[in-house]
file upload08.cif (mmCIF, C-alpha atoms)
data_run
#
loop_
_atom_site.label_atom_id
_atom_site.label_comp_id
_atom_site.auth_asym_id
_atom_site.auth_seq_id
_atom_site.Cartn_x
_atom_site.Cartn_y
_atom_site.Cartn_z
CA MET A 1 0.00 0.00 0.00
CA GLU A 2 1.39 3.38 -1.01
CA ARG A 3 2.16 5.68 1.89
CA THR A 4 0.30 9.01 1.90
CA LYS A 5 2.72 11.85 1.26
CA ILE A 6 3.04 14.65 3.80
CA LYS A 7 1.86 17.86 2.14
CA THR A 8 4.22 20.71 2.94
CA VAL A 9 3.26 24.18 1.74
CA ILE A 10 5.97 26.83 1.54
CA VAL A 11 4.94 30.46 1.15
CA GLY A 12 7.77 32.53 -0.29
CA GLY A 13 10.38 31.42 -2.81
CA GLY A 14 13.43 33.32 -1.66
CA PHE A 15 16.65 32.07 -0.07
CA GLY A 16 14.85 30.21 2.72
CA GLY A 17 11.88 28.94 0.75
CA ILE A 18 13.91 27.64 -2.19
CA ASN A 19 16.43 25.95 0.08
CA VAL A 20 13.87 24.16 2.26
CA ALA A 21 12.01 22.99 -0.86
CA GLN A 22 15.16 21.65 -2.49
CA GLN A 23 16.32 19.90 0.66
CA LEU A 24 12.92 18.29 1.34
CA LEU A 25 12.66 16.96 -2.21
CA LYS A 26 16.21 15.68 -2.04
CA LYS A 27 15.95 13.96 1.35
CA SER A 28 12.52 12.29 1.15
CA ASP A 29 10.13 10.75 -1.36
CA ASN A 30 7.28 10.96 1.16
CA VAL A 31 6.92 14.74 1.07
CA ASP A 32 4.75 16.59 -1.41
CA VAL A 33 5.98 20.19 -1.69
CA THR A 34 3.83 23.09 -2.86
CA LEU A 35 5.58 26.43 -3.29
CA VAL A 36 3.46 29.59 -3.26
CA ASP A 37 4.75 32.96 -4.40
CA ARG A 38 3.21 36.14 -5.73
CA ASN A 39 5.65 35.99 -8.68
CA ASN A 40 6.46 33.03 -10.90
CA TYR A 41 10.22 33.49 -10.51
CA ASN A 42 12.95 33.52 -7.91
CA PHE A 43 15.36 36.45 -7.88
CA PHE A 44 18.60 37.37 -6.13
CA PRO A 45 18.04 40.46 -3.94
CA PRO A 46 21.72 41.35 -3.30
CA LEU A 47 22.08 42.26 -6.99
CA LEU A 48 18.85 44.24 -7.35
CA TYR A 49 20.78 47.50 -7.21
CA GLN A 50 22.70 46.47 -10.36
CA VAL A 51 19.39 45.99 -12.20
CA ALA A 52 18.24 49.37 -10.87
CA THR A 53 21.37 51.08 -12.20
CA GLY A 54 21.42 49.32 -15.57
CA PHE A 55 24.42 47.05 -15.06
CA LEU A 56 22.47 43.78 -15.09
CA ASP A 57 19.37 42.60 -16.90
CA ILE A 58 16.42 41.10 -15.02
CA SER A 59 17.18 37.70 -16.52
CA ASN A 60 20.67 37.74 -14.96
CA ILE A 61 19.31 37.47 -11.43
CA SER A 62 15.95 35.72 -11.82
CA TYR A 63 14.72 32.26 -12.81
CA PRO A 64 11.22 30.69 -13.12
CA TYR A 65 10.20 28.32 -10.32
CA ARG A 66 8.57 25.87 -12.71
CA ARG A 67 11.79 25.59 -14.70
CA LEU A 68 13.91 25.30 -11.57
CA PHE A 69 11.87 22.37 -10.23
CA ARG A 70 10.83 20.87 -13.57
CA ASP A 71 12.35 17.45 -12.84
CA GLN A 72 10.76 17.08 -9.37
CA PRO A 73 7.57 14.96 -9.54
CA ASN A 74 6.66 15.78 -5.92
CA PHE A 75 6.75 19.53 -6.52
CA ASN A 76 3.86 21.88 -7.26
CA PHE A 77 3.79 25.63 -7.76
CA GLN A 78 0.89 28.03 -7.28
CA MET A 79 1.18 31.70 -8.05
CA GLY A 80 -0.74 33.85 -5.62
CA GLU A 81 -0.57 36.16 -2.64
CA LEU A 82 -1.17 34.89 0.88
CA LEU A 83 -4.30 36.53 2.29
CA SER A 84 -4.96 34.58 5.48
CA ILE A 85 -4.02 31.49 7.45
CA GLN A 86 -6.64 29.22 9.02
CA PRO A 87 -4.69 27.02 11.46
CA GLU A 88 -7.78 25.26 12.78
CA GLU A 89 -8.56 23.97 9.29
CA ASN A 90 -4.93 23.50 8.16
CA LYS A 91 -5.41 25.69 5.13
CA ILE A 92 -4.35 29.01 3.67
CA LEU A 93 -6.34 31.42 1.55
CA LEU A 94 -4.60 32.92 -1.45
CA SER A 95 -5.58 35.55 -3.97
CA THR A 96 -5.86 32.59 -6.38
CA GLY A 97 -7.63 30.00 -4.24
CA GLU A 98 -7.02 27.90 -1.14
CA ILE A 99 -4.56 25.16 -0.21
CA HIS A 100 -4.67 22.58 2.57
CA TYR A 101 -1.46 21.55 4.28
CA ASP A 102 0.05 19.13 6.76
CA ASN A 103 2.98 21.47 7.39
CA LEU A 104 3.06 25.17 6.58
CA ILE A 105 6.35 27.06 6.22
CA ILE A 106 6.24 30.85 6.06
CA ALA A 107 9.25 32.36 4.31
CA THR A 108 7.82 35.63 3.04
CA GLY A 109 10.71 37.90 3.96
CA THR A 110 10.28 41.61 4.55
CA THR A 111 8.85 44.77 3.09
CA SER A 112 10.21 48.32 3.17
CA ASN A 113 9.60 50.08 6.48
CA TYR A 114 8.60 53.72 6.08
CA PHE A 115 8.07 54.16 9.83
CA GLY A 116 4.61 55.60 9.29
CA MET A 117 5.82 58.45 7.04
CA GLN A 118 3.18 58.50 4.33
CA ASN A 119 4.82 61.07 2.07
CA ILE A 120 7.97 58.97 1.92
CA GLU A 121 5.99 55.81 1.20
CA ARG A 122 4.12 57.65 -1.54
CA ASN A 123 7.03 59.48 -3.17
CA ALA A 124 10.28 57.63 -2.47
CA LEU A 125 11.81 54.92 -4.65
CA PRO A 126 12.10 51.58 -2.79
CA MET A 127 14.25 48.68 -3.93
CA LYS A 128 12.84 45.42 -2.58
CA THR A 129 11.54 43.69 -5.70
CA ILE A 130 12.27 43.33 -9.41
CA ASP A 131 9.38 45.71 -10.12
CA ASP A 132 10.95 48.27 -7.77
CA ALA A 133 14.35 47.97 -9.44
CA VAL A 134 12.89 48.44 -12.93
CA ALA A 135 10.77 51.38 -11.74
CA LEU A 136 13.82 52.97 -10.12
CA LYS A 137 15.90 52.63 -13.30
CA ASN A 138 13.08 54.01 -15.48
CA THR A 139 12.51 56.92 -13.12
CA LEU A 140 16.15 57.97 -12.85
CA LEU A 141 16.70 57.72 -16.61
CA GLN A 142 13.49 59.63 -17.35
CA ARG A 143 14.53 62.39 -14.98
CA LEU A 144 17.87 62.71 -16.71
CA GLU A 145 16.02 63.05 -19.99
CA ASP A 146 13.75 65.68 -18.42
CA ALA A 147 16.82 67.52 -17.16
CA THR A 148 18.14 67.85 -20.71
CA LEU A 149 14.91 69.59 -21.75
CA THR A 150 14.15 72.00 -18.94
CA LYS A 151 15.45 75.57 -19.04
CA ASP A 152 14.93 76.02 -15.28
CA GLU A 153 18.34 75.61 -13.62
CA ALA A 154 16.84 74.90 -10.17
CA GLU A 155 14.56 72.24 -11.65
CA ARG A 156 17.49 70.72 -13.51
CA LYS A 157 19.45 70.45 -10.26
CA ARG A 158 16.49 68.80 -8.48
CA LEU A 159 16.19 66.28 -11.32
CA THR A 160 19.88 65.30 -11.13
CA THR A 161 20.35 65.29 -7.34
CA ILE A 162 19.93 61.89 -5.69
CA VAL A 163 19.45 61.15 -1.99
CA VAL A 164 19.96 57.59 -0.74
CA ALA A 165 18.46 56.95 2.70
CA GLY A 166 20.04 54.09 4.65
CA GLY A 167 23.72 53.45 5.34
CA GLY A 168 23.59 49.66 5.34
CA PRO A 169 25.01 47.46 2.56
CA THR A 170 22.22 48.33 0.10
CA GLY A 171 22.58 52.09 0.60
CA VAL A 172 26.38 51.90 0.36
CA GLU A 173 26.25 49.79 -2.80
CA VAL A 174 23.68 52.04 -4.47
CA ALA A 175 25.58 55.22 -3.62
CA GLY A 176 28.84 53.71 -4.87
CA MET A 177 27.31 52.54 -8.13
CA LEU A 178 25.69 55.91 -8.75
CA ALA A 179 29.03 57.62 -8.12
CA GLU A 180 30.65 55.41 -10.76
CA LEU A 181 27.81 56.09 -13.20
CA ARG A 182 28.32 59.82 -12.64
CA GLN A 183 32.05 59.53 -13.27
CA ASN A 184 32.06 57.17 -16.25
CA ILE A 185 28.68 57.39 -17.97
CA PHE A 186 26.26 60.20 -17.12
CA LYS A 187 28.32 63.05 -18.52
CA LYS A 188 29.11 61.06 -21.67
CA ASP A 189 25.52 60.02 -22.34
CA TYR A 190 24.15 63.45 -21.39
CA PRO A 191 26.64 66.07 -22.66
CA GLU A 192 23.95 68.73 -22.16
CA LEU A 193 24.32 68.14 -18.40
CA ALA A 194 28.12 67.95 -18.23
CA ALA A 195 28.38 71.13 -16.15
CA LEU A 196 26.07 69.81 -13.43
CA PRO A 197 27.50 68.26 -10.23
CA PHE A 198 25.03 65.31 -10.12
CA ASP A 199 25.04 65.51 -6.31
CA ILE A 200 24.72 62.15 -4.50
CA TYR A 201 23.88 62.09 -0.79
CA LEU A 202 24.01 59.07 1.52
CA ILE A 203 22.01 59.58 4.71
CA ASP A 204 21.81 57.51 7.90
CA GLY A 205 20.45 58.16 11.38
CA LEU A 206 23.31 56.29 13.05
CA PRO A 207 26.86 57.62 13.61
CA THR A 208 28.49 55.15 11.17
CA LEU A 209 27.91 53.42 7.87
CA LEU A 210 27.61 49.60 7.82
CA THR A 211 26.84 49.52 11.54
CA PRO A 212 26.96 45.69 11.97
CA MET A 213 30.42 45.48 10.40
CA SER A 214 33.85 46.13 11.91
CA LYS A 215 35.24 49.59 12.60
CA LYS A 216 37.87 49.05 9.89
CA SER A 217 35.14 48.29 7.35
CA GLN A 218 33.16 51.35 8.41
CA GLU A 219 36.15 53.66 8.16
CA TYR A 220 37.31 52.29 4.79
CA THR A 221 33.79 52.59 3.37
CA HIS A 222 33.36 56.16 4.59
CA LYS A 223 36.74 57.19 3.21
CA SER A 224 36.18 55.46 -0.15
CA LEU A 225 32.72 56.90 -0.76
CA THR A 226 33.90 60.37 0.21
CA ALA A 227 36.77 60.07 -2.27
CA MET A 228 34.23 59.06 -4.91
CA GLY A 229 32.33 62.30 -4.31
CA VAL A 230 29.41 60.97 -2.25
CA ASN A 231 28.14 63.44 0.35
CA ILE A 232 27.72 61.39 3.55
CA LYS A 233 25.47 62.74 6.29
CA LEU A 234 25.28 60.70 9.51
CA ASN A 235 23.24 61.12 12.73
CA LYS A 236 20.53 62.51 10.49
CA LYS A 237 17.06 61.02 10.00
CA VAL A 238 14.79 61.58 7.04
CA VAL A 239 11.38 62.68 8.31
CA ASP A 240 9.54 63.84 5.20
CA PHE A 241 9.65 64.00 1.42
CA LYS A 242 7.22 66.29 -0.33
CA ASN A 243 7.25 69.13 -2.83
CA ASP A 244 10.63 67.93 -4.12
CA ARG A 245 12.27 68.38 -0.72
CA VAL A 246 13.80 65.75 1.59
CA SER A 247 13.52 67.00 5.18
CA PHE A 248 15.59 65.86 8.16
CA ASP A 249 14.97 65.74 11.88
CA ASP A 250 17.40 68.62 12.53
CA GLY A 251 15.55 71.02 10.24
CA GLU A 252 17.94 70.72 7.30
CA SER A 253 16.61 69.75 3.87
CA ILE A 254 17.77 68.89 0.35
CA GLU A 255 15.89 69.80 -2.79
CA THR A 256 15.56 66.77 -5.05
CA LYS A 257 13.04 64.69 -6.92
CA ASN A 258 14.93 61.47 -6.18
CA LEU A 259 14.86 59.77 -2.79
CA ILE A 260 15.98 56.12 -2.86
CA TRP A 261 14.70 54.37 0.26
CA SER A 262 16.77 51.62 1.87
CA ALA A 263 16.44 52.77 5.46
CA GLY A 264 14.61 49.85 7.04
CA VAL A 265 12.51 46.74 6.69
CA THR A 266 9.61 45.14 8.51
CA SER A 267 7.81 41.82 8.23
CA GLN A 268 4.18 41.30 7.27
CA ARG A 269 1.30 40.24 9.51
CA PHE A 270 -1.18 37.69 8.23
CA GLU A 271 -4.85 37.43 9.04
CA GLY A 272 -5.55 34.36 11.14
CA MET A 273 -2.31 34.38 13.10
CA PRO A 274 -2.83 35.57 16.71
CA ALA A 275 -1.14 38.80 17.78
CA GLU A 276 0.89 36.96 20.43
CA SER A 277 2.64 35.02 17.66
CA TYR A 278 4.46 38.19 16.59
CA GLY A 279 7.49 39.94 18.08
CA ARG A 280 9.29 43.14 17.16
CA GLY A 281 9.24 44.16 13.53
CA ASN A 282 6.20 41.91 12.97
CA ARG A 283 8.53 38.88 13.01
CA LEU A 284 6.92 35.55 13.93
CA LEU A 285 8.19 34.17 17.24
CA VAL A 286 9.61 30.68 16.77
CA ASP A 287 11.21 28.04 18.99
CA ALA A 288 14.59 26.36 18.48
CA PHE A 289 13.11 24.25 15.66
CA ASN A 290 11.54 27.24 13.84
CA LYS A 291 8.02 26.25 14.89
CA VAL A 292 5.78 29.29 15.42
CA GLN A 293 4.93 29.64 19.09
CA GLY A 294 1.46 28.33 19.87
CA GLN A 295 1.18 26.43 16.58
CA GLY A 296 1.59 22.71 16.02
CA ASN A 297 2.50 22.55 12.35
CA ILE A 298 3.31 26.10 11.24
CA TYR A 299 6.94 27.14 10.83
CA ALA A 300 8.71 30.38 9.88
CA ILE A 301 12.23 30.85 8.55
CA GLY A 302 14.43 33.71 7.44
CA ASP A 303 13.78 37.42 7.85
CA ASN A 304 10.17 37.04 8.94
CA CYS A 305 10.96 34.96 12.07
CA LEU A 306 12.42 35.91 15.44
CA GLN A 307 14.31 33.12 17.17
CA THR A 308 15.93 33.82 20.54
CA THR A 309 16.96 30.28 21.53
CA ASP A 310 20.37 30.45 19.82
CA THR A 311 22.74 31.33 22.69
CA ALA A 312 25.06 33.29 20.40
CA PHE A 313 22.13 35.45 19.21
CA PRO A 314 19.84 35.95 22.24
CA ASN A 315 18.12 38.93 20.60
CA GLY A 316 17.46 37.12 17.33
CA HIS A 317 19.48 36.53 14.21
CA PRO A 318 20.48 39.20 11.70
CA GLN A 319 18.15 39.48 8.73
CA VAL A 320 20.61 38.20 6.15
CA ALA A 321 20.49 35.51 3.48
CA GLN A 322 22.68 32.99 5.28
CA VAL A 323 20.25 32.75 8.20
CA ALA A 324 17.38 31.90 5.84
CA ILE A 325 19.48 29.36 3.93
CA GLN A 326 20.70 27.59 7.06
CA GLN A 327 17.28 27.61 8.73
CA GLY A 328 15.76 26.16 5.58
CA ALA A 329 18.26 23.30 5.53
CA ASN A 330 17.83 22.60 9.23
CA LEU A 331 14.03 22.65 9.04
CA ALA A 332 14.01 20.27 6.08
CA GLN A 333 16.25 17.89 8.01
CA ASN A 334 13.93 18.05 11.03
CA ILE A 335 10.78 17.42 8.98
CA VAL A 336 12.37 14.37 7.40
CA ALA A 337 13.56 13.21 10.84
CA THR A 338 10.00 13.31 12.21
CA LEU A 339 8.83 11.14 9.30
CA LYS A 340 11.41 8.57 10.34
CA SER A 341 10.73 8.98 14.07
CA GLY A 342 14.18 10.50 14.42
CA GLN A 343 15.48 13.25 16.66
CA GLN A 344 15.13 16.89 15.65
CA LYS A 345 18.08 19.27 15.79
CA PRO A 346 17.74 22.80 17.24
CA PHE A 347 18.94 25.55 14.95
CA THR A 348 22.35 27.14 15.49
CA TYR A 349 23.52 29.86 13.15
CA HIS A 350 27.05 29.63 11.76
CA ASP A 351 28.11 33.16 10.88
CA LYS A 352 30.13 33.09 7.67
CA GLY A 353 30.92 36.78 7.75
CA SER A 354 29.64 39.89 6.02
CA MET A 355 30.68 41.97 3.05
CA ALA A 356 29.72 45.01 1.03
CA ILE A 357 30.89 46.33 -2.32
CA ILE A 358 31.62 50.03 -2.63
CA GLY A 359 32.74 50.44 -6.20
CA ARG A 360 35.26 49.37 -8.79
CA ASN A 361 38.05 47.45 -7.01
CA LYS A 362 36.64 48.53 -3.64
CA ALA A 363 34.82 46.35 -1.11
CA VAL A 364 34.97 45.32 2.55
CA THR A 365 34.80 41.85 4.09
CA ASP A 366 34.66 40.76 7.73
CA LEU A 367 35.22 37.08 8.53
CA PRO A 368 34.41 35.88 12.07
CA LYS A 369 36.67 32.82 12.38
CA PRO A 370 39.47 33.61 12.33
CA ALA A 371 38.67 37.27 12.90
CA LEU A 372 39.79 38.85 9.66
CA HIS A 373 39.12 42.13 7.89
CA MET A 374 39.79 42.65 4.20
CA ASN A 375 39.29 45.67 2.01
CA GLY A 376 40.17 46.89 -1.45
CA PHE A 377 40.79 44.70 -4.49
CA MET A 378 40.91 41.29 -2.75
CA ALA A 379 37.69 41.98 -0.85
CA TRP A 380 36.15 43.11 -4.15
CA LEU A 381 37.12 39.85 -5.85
CA MET A 382 35.73 37.86 -2.91
CA TRP A 383 32.42 39.77 -3.12
CA LEU A 384 32.17 39.04 -6.85
CA PHE A 385 32.94 35.34 -6.35
CA VAL A 386 30.51 34.80 -3.46
CA HIS A 387 27.64 36.54 -5.22
CA LEU A 388 28.32 34.79 -8.51
CA ILE A 389 28.25 31.28 -7.04
CA SER A 390 25.13 32.16 -5.02
CA LEU A 391 23.01 32.69 -8.13
CA VAL A 392 20.39 30.01 -8.60
CA ASN A 393 21.66 28.27 -11.77
CA PHE A 394 24.51 28.12 -14.25
CA ARG A 395 22.77 30.27 -16.88
CA ASN A 396 22.44 33.16 -14.41
CA LYS A 397 26.06 32.75 -13.33
CA LEU A 398 27.34 32.81 -16.92
CA LYS A 399 25.28 35.82 -18.02
CA THR A 400 26.16 37.82 -14.92
CA ALA A 401 29.86 37.01 -15.24
CA TYR A 402 29.79 38.15 -18.88
CA ASN A 403 28.08 41.43 -17.96
CA TRP A 404 30.54 42.08 -15.15
CA VAL A 405 33.60 41.44 -17.32
CA ALA A 406 32.24 43.65 -20.10
CA ALA A 407 31.39 46.44 -17.66
CA TYR A 408 34.80 46.20 -16.00
CA LEU A 409 36.72 46.37 -19.25
CA THR A 410 34.66 49.15 -20.83
CA LYS A 411 33.48 51.04 -17.71
CA ASP A 412 30.12 51.04 -19.47
CA GLN A 413 26.94 49.03 -19.94
CA HIS A 414 24.21 48.95 -22.59
CA LEU A 415 21.13 48.27 -20.45
CA ARG A 416 20.04 51.86 -19.84
CA MET A 417 16.69 51.65 -21.64
CA ILE A 418 13.48 53.19 -20.32
CA VAL A 419 10.94 50.38 -20.52
CA LYS A 420 7.51 51.72 -19.68
CA SER A 421 4.64 49.64 -18.34
CA ASN A 422 1.02 50.39 -17.60
CA VAL A 423 0.96 47.86 -14.77
CA LYS A 424 0.50 49.62 -11.45
CA ARG A 425 3.28 48.79 -8.95
CA GLU A 426 1.93 46.70 -6.10
CA GLN A 427 2.95 47.07 -2.45
CA ASP A 428 6.61 46.11 -2.15
CA VAL A 429 6.21 42.95 -0.08
CA ASP A 430 9.21 40.70 -0.64
CA TYR A 431 8.69 36.94 -0.68
CA PHE A 432 12.31 36.23 -1.34
CA MET A 433 14.33 36.46 1.86
#
call {"tool": "encode", "arguments": {"input": "upload08.cif", "output": "structure tokens"}}
result
Amino acid sequence: MERTKIKTVIVGGGFGGINVAQQLLKKSDNVDVTLVDRNNYNFFPPLLYQVATGFLDISNISYPYRRLFRDQPNFNFQMGELLSIQPEENKILLSTGEIHYDNLIIATGTTSNYFGMQNIERNALPMKTIDDAVALKNTLLQRLEDATLTKDEAERKRLTTIVVAGGGPTGVEVAGMLAELRQNIFKKDYPELAALPFDIYLIDGLPTLLTPMSKKSQEYTHKSLTAMGVNIKLNKKVVDFKNDRVSFDDGESIETKNLIWSAGVTSQRFEGMPAESYGRGNRLLVDAFNKVQGQGNIYAIGDNCLQTTDTAFPNGHPQVAQVAIQQGANLAQNIVATLKSGQQKPFTYHDKGSMAIIGRNKAVTDLPKPALHMNGFMAWLMWLFVHLISLVNFRNKLKTAYNWVAAYLTKDQHLRMIVKSNVKREQDVDYFM
């Protein structure tokens, strides 16, 4: 008699969701996996900023789920957005229907946090999804085109001034890339604007850039970006953005039409989950095995969970890709172990270090064991290698490597097209971390 397969539903196809799906399908034939995502493709968030600045194409960092799992007979995919969870009935409601489950894994990641500032949410340019990256690229390129046409010098300056809010890795990488575009491309492509400064500001409310990283990394990053012409303003919080003016908590302001928002993230709450299941940042509270507190068969992994049982991280893990990947692998192992009446293993995070790229031949890397800091060309090569091998398949790796080599040799790229769409941008919830 054929054994009934355990139906595991995974919501969110990012680092955590993809990894737990792959590991479950690899380790057991008695698990039926259904992956749910609002998009039909996986993408690689650390390289979104290169799509947004025209150095990579969408296809370089994304891949369809159905193609990725084509050879897995126990895999199903359903495109849809999670609307509510009904634990008492073991089912979820999607924008495209409903699904019953034996185990539910929530891996929906985070969304941009605007801290209740509606003007910023309405007017700023986020960068959490592929749609956001394309919209950002279109907007910046269109504003450069507008700047070539206007006769108003003040308007021209507002169109070509860019403010990046958030001094974490994303903000640093965006500011660095924009500085290189200004130096190598903008004034060549737009000779009408050659006399303009193309001011780039990087803003953060904390006293340093890259706060989680080492002091050496912070100092090298600050020095490098300053040398590249980025105006860095620290201990300064953005509080409003309206009428083409970014306002700060100290009363200062910058006139611009371009505010790129990378200043914070928050998780999403789902109807049907009790309020006591959530901790700070709307992250689901989980035990040492990533089971949501108070639930028997609902799990959460990655950015949208808060786990305080790991002794090395009593306040929860950092919201980075490696946590999601490792939690996904550990959870898959535990689910398979329960099928075999084996012992589950509590999750322990193995920190592999952190890195950020600043610009051409410039990056910083901190390795925990042994404690090691690297910067400059070698750190830059390490960043390129790690991100290249982390892409989901060989095709993506090959295309991205080709684009990087071409861009490095020519200091240029050919992907600066304005591609307009009539599709309204949805809320920037990210199901990929």
call {"tool": "residues_around", "arguments": {"input": "upload08.cif", "residues": "A:Ile92", "least_positions_apart": "3", "cutoff": "12 Å", "atoms": "all atoms listed in the file", "output": "ChimeraX atom specification"}}
result
/A:8-11,36,80-89,95-106,270-273,298
call {"tool": "resolve_selection", "arguments": {"input": "upload08.cif", "expression": "the PyMOL selection byres ((chain A and resi 302-316) around 7)", "output": "PDB file with C-alpha atoms, in the coordinates of the input"}}
result
ATOM      1  CA  GLY A  16      14.850  30.210   2.720  1.00  0.00           C
ATOM      2  CA  ALA A 107       9.250  32.360   4.310  1.00  0.00           C
ATOM      3  CA  THR A 108       7.820  35.630   3.040  1.00  0.00           C
ATOM      4  CA  GLY A 109      10.710  37.900   3.960  1.00  0.00           C
ATOM      5  CA  THR A 110      10.280  41.610   4.550  1.00  0.00           C
ATOM      6  CA  SER A 267       7.810  41.820   8.230  1.00  0.00           C
ATOM      7  CA  GLY A 279       7.490  39.940  18.080  1.00  0.00           C
ATOM      8  CA  ARG A 283       8.530  38.880  13.010  1.00  0.00           C
ATOM      9  CA  LEU A 284       6.920  35.550  13.930  1.00  0.00           C
ATOM     10  CA  LEU A 285       8.190  34.170  17.240  1.00  0.00           C
ATOM     11  CA  VAL A 286       9.610  30.680  16.770  1.00  0.00           C
ATOM     12  CA  ASP A 287      11.210  28.040  18.990  1.00  0.00           C
ATOM     13  CA  ALA A 288      14.590  26.360  18.480  1.00  0.00           C
ATOM     14  CA  ALA A 300       8.710  30.380   9.880  1.00  0.00           C
ATOM     15  CA  ILE A 301      12.230  30.850   8.550  1.00  0.00           C
ATOM     16  CA  HIS A 317      19.480  36.530  14.210  1.00  0.00           C
ATOM     17  CA  PRO A 318      20.480  39.200  11.700  1.00  0.00           C
ATOM     18  CA  GLN A 319      18.150  39.480   8.730  1.00  0.00           C
ATOM     19  CA  VAL A 323      20.250  32.750   8.200  1.00  0.00           C
ATOM     20  CA  ALA A 324      17.380  31.900   5.840  1.00  0.00           C
ATOM     21  CA  GLN A 327      17.280  27.610   8.730  1.00  0.00           C
ATOM     22  CA  THR A 348      22.350  27.140  15.490  1.00  0.00           C
ATOM     23  CA  MET A 433      14.330  36.460   1.860  1.00  0.00           C
TER      24      MET A 433
END
call {"tool": "residues_around", "arguments": {"input": "upload08.cif", "residues": "A:Met127", "least_positions_apart": "2", "cutoff": "8 Å", "atoms": "all atoms listed in the file", "output": "count of residues only"}}
result
11
call {"tool": "closest_residue", "arguments": {"input": "upload08.cif", "among": "A:Gln142, A:Thr170, A:Asn361, A:Asn330", "to": "A:Ser224", "atoms": "all atoms listed in the file"}}
result
A:Asn361
call {"tool": "closest_residue", "arguments": {"input": "upload08.cif", "among": "A:Lys215, A:Arg38, A:Phe385, A:Thr139", "to": "A:Leu94", "atoms": "all atoms listed in the file"}}
result
A:Arg38
call {"tool": "resolve_selection", "arguments": {"input": "upload08.cif", "expression": "the PyMOL selection byres ((chain A and resi 233) around 6)", "output": "number ranges by chain"}}
result
A: 203, 232, 234
call {"tool": "closest_residue", "arguments": {"input": "upload08.cif", "among": "A:Asn297, A:Gln413, A:Gln343, A:Gln218", "to": "A:Val51", "atoms": "all atoms listed in the file"}}
result
A:Gln413
call {"tool": "residues_near_point", "arguments": {"input": "upload08.cif", "point": "(25.8, 58.8, -14.4)", "cutoff": "12 Å", "atoms": "all atoms listed in the file", "output": "PyMOL selection string"}}
result
chain A and resi 53-55+137+140-141+143-144+160-162+175-191+193-194+196-200+411-413+416
call {"tool": "residues_around", "arguments": {"input": "upload08.cif", "residues": "stretch 395-403 of chain A", "least_positions_apart": "2", "cutoff": "9 Å", "atoms": "only C-alpha atoms", "output": "list in words"}}
result
Phe55, Leu56, Asp57, Ser59, Asn60, Ile61, Ser62, Tyr63, Leu384, Leu388, Ile389, Ser390, Leu391, Val392, Asn393, Val405, Ala406, Ala407, Tyr408 and Gln413 of chain A
call {"tool": "build_atoms", "arguments": {"input": "upload08.cif", "residues": "stretch 82-90 of chain A", "atoms": "N, CA, C and O atoms", "output": "short mmCIF file (atom, residue, chain, number, x, y, z; two decimals), keeping the file's coordinate frame"}}
result
data_model
loop_
_atom_site.label_atom_id
_atom_site.label_comp_id
_atom_site.auth_asym_id
_atom_site.auth_seq_id
_atom_site.Cartn_x
_atom_site.Cartn_y
_atom_site.Cartn_z
N LEU A 82 -0.57 35.40 -0.35
CA LEU A 82 -1.17 34.89 0.88
C LEU A 82 -2.06 35.95 1.51
O LEU A 82 -1.61 37.06 1.82
N LEU A 83 -3.34 35.61 1.70
CA LEU A 83 -4.30 36.53 2.29
C LEU A 83 -4.55 36.23 3.75
O LEU A 83 -4.63 37.14 4.58
N SER A 84 -4.70 34.94 4.08
CA SER A 84 -4.96 34.58 5.48
C SER A 84 -4.57 33.14 5.73
O SER A 84 -4.47 32.33 4.80
N ILE A 85 -4.35 32.84 7.01
CA ILE A 85 -4.02 31.49 7.45
C ILE A 85 -5.14 31.02 8.37
O ILE A 85 -5.58 31.76 9.25
N GLN A 86 -5.59 29.80 8.16
CA GLN A 86 -6.64 29.22 9.02
C GLN A 86 -6.09 27.96 9.70
O GLN A 86 -6.27 26.84 9.20
N PRO A 87 -5.36 28.15 10.81
CA PRO A 87 -4.69 27.02 11.46
C PRO A 87 -5.63 25.91 11.89
O PRO A 87 -5.28 24.72 11.83
N GLU A 88 -6.84 26.27 12.30
CA GLU A 88 -7.78 25.26 12.78
C GLU A 88 -8.25 24.34 11.67
O GLU A 88 -8.68 23.20 11.91
N GLU A 89 -8.16 24.79 10.43
CA GLU A 89 -8.56 23.97 9.29
C GLU A 89 -7.36 23.51 8.46
O GLU A 89 -7.54 22.86 7.42
N ASN A 90 -6.15 23.86 8.90
CA ASN A 90 -4.93 23.50 8.16
C ASN A 90 -5.01 23.93 6.69
O ASN A 90 -4.72 23.15 5.77
#
